[in-house]
>>> print(open('query.tsv').read())   # TSV, C-alpha atoms
chain	number	residue	atom	x	y	z
A	1	MET	CA	-16.11	-11.69	-2.67
A	2	VAL	CA	-18.12	-14.38	-0.92
A	3	GLN	CA	-18.99	-14.88	2.72
A	4	GLY	CA	-16.34	-16.90	4.51
A	5	PHE	CA	-15.85	-18.16	8.05
A	6	TRP	CA	-17.44	-15.83	10.65
A	7	LYS	CA	-19.07	-13.94	7.75
A	8	ILE	CA	-15.74	-12.38	6.75
A	9	PRO	CA	-15.63	-11.63	3.00
A	10	VAL	CA	-13.07	-13.69	1.09
A	11	PRO	CA	-12.19	-13.76	-2.63
A	12	ALA	CA	-14.57	-15.99	-4.61
A	13	ASP	CA	-11.90	-17.13	-7.07
A	14	GLY	CA	-8.79	-16.05	-8.87
A	15	PRO	CA	-5.08	-16.62	-8.43
A	16	ALA	CA	-3.61	-16.81	-4.96
A	17	MET	CA	-1.58	-13.73	-4.12
A	18	VAL	CA	1.03	-13.17	-1.42
A	19	PRO	CA	1.41	-9.59	-0.20
A	20	ASP	CA	4.85	-8.02	0.18
A	21	VAL	CA	3.73	-6.04	3.26
A	22	VAL	CA	1.02	-6.67	5.87
A	23	LEU	CA	-0.34	-3.96	8.19
A	24	SER	CA	-1.40	-5.49	11.47
A	25	PRO	CA	-3.51	-3.60	14.02
A	26	VAL	CA	-2.39	-4.05	17.62
A	27	VAL	CA	-4.23	-3.77	20.92
A	28	GLY	CA	-0.94	-4.32	22.74
A	29	TRP	CA	2.65	-5.02	21.77
A	30	ASP	CA	6.03	-5.77	23.31
A	31	ASP	CA	9.64	-4.98	22.45
A	32	ALA	CA	10.11	-8.46	20.97
A	33	GLY	CA	7.56	-7.53	18.28
A	34	PHE	CA	4.71	-9.71	19.50
A	35	ARG	CA	1.17	-8.37	19.41
A	36	LEU	CA	-2.12	-8.67	21.14
A	37	GLY	CA	-4.84	-8.47	18.54
A	38	TYR	CA	-8.58	-8.49	18.41
A	39	GLY	CA	-9.00	-12.24	18.80
A	40	GLY	CA	-9.42	-15.08	16.36
A	41	GLY	CA	-5.76	-15.57	15.45
A	42	TYR	CA	-6.25	-14.60	11.81
A	43	TYR	CA	-2.97	-12.71	11.47
A	44	ASP	CA	-0.79	-15.43	13.00
A	45	ARG	CA	-2.44	-18.23	11.00
A	46	THR	CA	-2.21	-16.25	7.79
A	47	LEU	CA	1.43	-15.27	8.34
A	48	ALA	CA	2.34	-18.86	9.17
A	49	ALA	CA	0.97	-19.99	5.80
A	50	LEU	CA	2.45	-17.26	3.56
A	51	ARG	CA	5.57	-18.01	1.50
A	52	PRO	CA	7.55	-15.90	1.16
A	53	ARG	CA	6.77	-14.25	4.47
A	54	PRO	CA	5.82	-10.60	4.00
A	55	VAL	CA	7.15	-7.71	6.05
A	56	VAL	CA	4.73	-7.25	8.96
A	57	ILE	CA	4.15	-3.73	10.27
A	58	GLY	CA	2.16	-3.40	13.48
A	59	VAL	CA	0.13	-0.21	13.89
A	60	GLY	CA	-0.92	0.89	17.36
A	61	LEU	CA	-0.48	3.30	20.22
A	62	GLN	CA	2.69	3.81	22.26
A	63	ALA	CA	0.56	3.52	25.41
A	64	ALA	CA	-0.29	-0.06	24.36
A	65	ARG	CA	3.33	-1.18	24.87
A	66	VAL	CA	3.67	-3.83	27.58
A	67	ALA	CA	6.68	-5.64	29.02
A	68	THR	CA	5.61	-8.91	27.38
A	69	ILE	CA	2.49	-10.39	25.91
A	70	PHE	CA	3.68	-13.85	26.98
A	71	PRO	CA	3.78	-15.14	23.38
A	72	GLN	CA	2.59	-18.64	22.65
A	73	PRO	CA	4.40	-21.01	20.26
A	74	HIS	CA	1.98	-20.13	17.43
A	75	ASP	CA	2.48	-16.33	17.78
A	76	ILE	CA	4.50	-14.64	15.04
A	77	ALA	CA	6.49	-11.48	15.78
A	78	MET	CA	6.06	-8.35	13.68
A	79	ASP	CA	9.05	-6.79	11.96
A	80	VAL	CA	8.33	-3.24	13.18
A	81	ILE	CA	5.67	-1.40	15.16
A	82	VAL	CA	4.55	2.09	14.16
A	83	THR	CA	3.01	4.33	16.82
A	84	GLU	CA	2.28	8.02	17.13
A	85	THR	CA	5.78	8.43	18.60
A	86	GLY	CA	7.73	6.65	15.87
A	87	VAL	CA	8.94	3.21	14.83
A	88	ALA	CA	10.03	0.41	17.19
A	89	GLY	CA	11.88	-2.74	16.20
A	90	GLY	CA	13.34	-3.65	12.85
>>> encode(input="query.tsv", output="structure tokens")
Amino acid sequence: MVQGFWKIPVPADGPAMVPDVVLSPVVGWDDAGFRLGYGGGYYDRTLAALRPRPVVIGVGLQAARVATIFPQPHDIAMDVIVTETGVAGG
């Protein structure tokens, strides 16, 4: 690993790999599968670039559910959200 943008470790070299599943932490989420994250837009930019698109599983708290996060055109919805009460979406 080498230091990347914002001092986030990234692979130094090797073949590009596309995951089958991505776990995405959520600060907030809505019934349409959109998420509020921790800032920076890393998940949305990464998901937009991945082919084929992996299954995206949001992980958060049921109490973080909101009516809408007012998604922007660049936001990408998750496939399902897992909380302490179960699974939403999908």
>>> residues_near_point(input="query.tsv", point="(4.5, -7.7, 7.3)", cutoff="10 Å", atoms="only C-alpha atoms", output="list in words")
Pro19, Asp20, Val21, Val22, Leu23, Ser24, Tyr43, Leu47, Arg53, Pro54, Val55, Val56, Ile57, Gly58, Ala77, Met78, Asp79 and Val80 of chain A
>>> closest_residue(input="query.tsv", among="A:Pro73, A:Pro15, A:Gly60, A:Pro9", to="Asp30 (chain A)", atoms="only C-alpha atoms")
A:Gly60
>>> residues_around(input="query.tsv", residues="Pro71 (chain A)", least_positions_apart="6", cutoff="12 Å", atoms="all atoms listed in the file", output="PyMOL selection string")
chain A and resi 28-37+44+77
>>> write_last_selection(input="query.tsv", atoms="C-alpha atoms", output="compact mmCIF listing (two decimals), in the frame of the given file")
# COMPACT_ATOMS: atom_id res chain seq x y z
CA GLY A 28 -0.94 -4.32 22.74
CA TRP A 29 2.65 -5.02 21.77
CA ASP A 30 6.03 -5.77 23.31
CA ASP A 31 9.64 -4.98 22.45
CA ALA A 32 10.11 -8.46 20.97
CA GLY A 33 7.56 -7.53 18.28
CA PHE A 34 4.71 -9.71 19.50
CA ARG A 35 1.17 -8.37 19.41
CA LEU A 36 -2.12 -8.67 21.14
CA GLY A 37 -4.84 -8.47 18.54
CA ASP A 44 -0.79 -15.43 13.00
CA ALA A 77 6.49 -11.48 15.78
>>> residues_around(input="query.tsv", residues="Met1 (chain A)", least_positions_apart="6", cutoff="6 Å", atoms="all atoms listed in the file", output="PDB file with C-alpha atoms, keeping the file's coordinate frame")
ATOM      1  CA  PRO A   9     -15.630 -11.630   3.000  1.00  0.00           C
ATOM      2  CA  VAL A  10     -13.070 -13.690   1.090  1.00  0.00           C
ATOM      3  CA  PRO A  11     -12.190 -13.760  -2.630  1.00  0.00           C
ATOM      4  CA  ALA A  12     -14.570 -15.990  -4.610  1.00  0.00           C
TER       5      ALA A  12
END
>>> closest_residue(input="query.tsv", among="A:Ile81, A:Ile76, A:Ile69, A:Leu61", to="Ala48 (chain A)", atoms="all atoms listed in the file")
A:Ile76
>>> atom_distance(input="query.tsv", atom1="CA of Gln62 (chain A)", atom2="CA of Tyr42 (chain A)")
23.0 Å
>>> atom_distance(input="query.tsv", atom1="CA of Val26 (chain A)", atom2="CA of Pro52 (chain A)")
22.6 Å
>>> atom_distance(input="query.tsv", atom1="CA of Val18 (chain A)", atom2="CA of Thr46 (chain A)")
10.2 Å
>>> residues_near_point(input="query.tsv", point="(1.8, 7.8, 19.2)", cutoff="10 Å", atoms="only C-alpha atoms", output="VMD selection string")
chain A and resid 59 to 64 82 to 87
>>> closest_residue(input="query.tsv", among="A:Gly40, A:Arg65, A:Ala88, A:Arg45", to="Trp6 (chain A)", atoms="only C-alpha atoms")
A:Gly40
>>> build_atoms(input="query.tsv", residues="region 79-90 of chain A", atoms="all heavy atoms", output="PDB file, keeping the file's coordinate frame")
ATOM      1  N   ASP A  79       7.724  -7.305  12.285  1.00  0.00           N
ATOM      2  CA  ASP A  79       9.050  -6.790  11.960  1.00  0.00           C
ATOM      3  C   ASP A  79       9.280  -5.417  12.591  1.00  0.00           C
ATOM      4  O   ASP A  79      10.377  -5.133  13.072  1.00  0.00           O
ATOM      5  CB  ASP A  79       9.235  -6.723  10.449  1.00  0.00           C
ATOM      6  CG  ASP A  79       9.193  -8.112   9.835  1.00  0.00           C
ATOM      7  OD1 ASP A  79      10.074  -8.933  10.179  1.00  0.00           O
ATOM      8  OD2 ASP A  79       8.280  -8.393   9.059  1.00  0.00           O
ATOM      9  N   VAL A  80       8.267  -4.572  12.570  1.00  0.00           N
ATOM     10  CA  VAL A  80       8.330  -3.240  13.180  1.00  0.00           C
ATOM     11  C   VAL A  80       6.945  -2.873  13.712  1.00  0.00           C
ATOM     12  O   VAL A  80       5.934  -3.434  13.274  1.00  0.00           O
ATOM     13  CB  VAL A  80       8.820  -2.140  12.213  1.00  0.00           C
ATOM     14  CG1 VAL A  80      10.236  -2.392  11.763  1.00  0.00           C
ATOM     15  CG2 VAL A  80       7.895  -1.988  11.051  1.00  0.00           C
ATOM     16  N   ILE A  81       6.919  -1.926  14.642  1.00  0.00           N
ATOM     17  CA  ILE A  81       5.670  -1.400  15.160  1.00  0.00           C
ATOM     18  C   ILE A  81       5.708   0.112  14.966  1.00  0.00           C
ATOM     19  O   ILE A  81       6.695   0.767  15.324  1.00  0.00           O
ATOM     20  CB  ILE A  81       5.477  -1.717  16.657  1.00  0.00           C
ATOM     21  CG1 ILE A  81       5.442  -3.233  16.886  1.00  0.00           C
ATOM     22  CG2 ILE A  81       4.184  -1.095  17.189  1.00  0.00           C
ATOM     23  CD1 ILE A  81       6.726  -3.789  17.349  1.00  0.00           C
ATOM     24  N   VAL A  82       4.659   0.662  14.377  1.00  0.00           N
ATOM     25  CA  VAL A  82       4.550   2.090  14.160  1.00  0.00           C
ATOM     26  C   VAL A  82       3.522   2.651  15.131  1.00  0.00           C
ATOM     27  O   VAL A  82       2.399   2.127  15.211  1.00  0.00           O
ATOM     28  CB  VAL A  82       4.128   2.396  12.704  1.00  0.00           C
ATOM     29  CG1 VAL A  82       3.957   3.899  12.501  1.00  0.00           C
ATOM     30  CG2 VAL A  82       5.151   1.854  11.722  1.00  0.00           C
ATOM     31  N   THR A  83       3.918   3.659  15.886  1.00  0.00           N
ATOM     32  CA  THR A  83       3.010   4.330  16.820  1.00  0.00           C
ATOM     33  C   THR A  83       3.057   5.827  16.533  1.00  0.00           C
ATOM     34  O   THR A  83       3.825   6.292  15.685  1.00  0.00           O
ATOM     35  CB  THR A  83       3.396   4.085  18.283  1.00  0.00           C
ATOM     36  OG1 THR A  83       4.575   4.830  18.582  1.00  0.00           O
ATOM     37  CG2 THR A  83       3.614   2.604  18.579  1.00  0.00           C
ATOM     38  N   GLU A  84       2.283   6.578  17.295  1.00  0.00           N
ATOM     39  CA  GLU A  84       2.280   8.020  17.130  1.00  0.00           C
ATOM     40  C   GLU A  84       3.618   8.658  17.523  1.00  0.00           C
ATOM     41  O   GLU A  84       3.893   9.805  17.165  1.00  0.00           O
ATOM     42  CB  GLU A  84       1.122   8.655  17.945  1.00  0.00           C
ATOM     43  CG  GLU A  84       1.350   8.719  19.431  1.00  0.00           C
ATOM     44  CD  GLU A  84       1.070   7.409  20.197  1.00  0.00           C
ATOM     45  OE1 GLU A  84       0.861   6.345  19.570  1.00  0.00           O
ATOM     46  OE2 GLU A  84       1.069   7.467  21.434  1.00  0.00           O
ATOM     47  N   THR A  85       4.481   7.898  18.207  1.00  0.00           N
ATOM     48  CA  THR A  85       5.780   8.430  18.600  1.00  0.00           C
ATOM     49  C   THR A  85       6.929   7.998  17.697  1.00  0.00           C
ATOM     50  O   THR A  85       8.047   8.458  17.860  1.00  0.00           O
ATOM     51  CB  THR A  85       6.114   8.067  20.056  1.00  0.00           C
ATOM     52  OG1 THR A  85       6.238   6.646  20.151  1.00  0.00           O
ATOM     53  CG2 THR A  85       5.050   8.573  21.008  1.00  0.00           C
ATOM     54  N   GLY A  86       6.669   7.094  16.776  1.00  0.00           N
ATOM     55  CA  GLY A  86       7.730   6.650  15.870  1.00  0.00           C
ATOM     56  C   GLY A  86       7.663   5.177  15.571  1.00  0.00           C
ATOM     57  O   GLY A  86       6.621   4.541  15.674  1.00  0.00           O
ATOM     58  N   VAL A  87       8.830   4.610  15.240  1.00  0.00           N
ATOM     59  CA  VAL A  87       8.940   3.210  14.830  1.00  0.00           C
ATOM     60  C   VAL A  87       9.771   2.468  15.850  1.00  0.00           C
ATOM     61  O   VAL A  87      10.845   2.929  16.265  1.00  0.00           O
ATOM     62  CB  VAL A  87       9.605   3.108  13.430  1.00  0.00           C
ATOM     63  CG1 VAL A  87       9.787   1.659  13.030  1.00  0.00           C
ATOM     64  CG2 VAL A  87       8.785   3.853  12.394  1.00  0.00           C
ATOM     65  N   ALA A  88       9.296   1.291  16.256  1.00  0.00           N
ATOM     66  CA  ALA A  88      10.030   0.410  17.190  1.00  0.00           C
ATOM     67  C   ALA A  88      10.361  -0.883  16.478  1.00  0.00           C
ATOM     68  O   ALA A  88       9.591  -1.351  15.643  1.00  0.00           O
ATOM     69  CB  ALA A  88       9.182   0.145  18.432  1.00  0.00           C
ATOM     70  N   GLY A  89      11.499  -1.455  16.793  1.00  0.00           N
ATOM     71  CA  GLY A  89      11.880  -2.740  16.200  1.00  0.00           C
ATOM     72  C   GLY A  89      12.559  -2.555  14.854  1.00  0.00           C
ATOM     73  O   GLY A  89      12.859  -1.452  14.421  1.00  0.00           O
ATOM     74  N   GLY A  90      12.758  -3.685  14.193  1.00  0.00           N
ATOM     75  CA  GLY A  90      13.340  -3.650  12.850  1.00  0.00           C
ATOM     76  C   GLY A  90      14.801  -3.417  12.890  1.00  0.00           C
ATOM     77  O   GLY A  90      15.519  -3.271  11.989  1.00  0.00           O
TER      78      GLY A  90
END
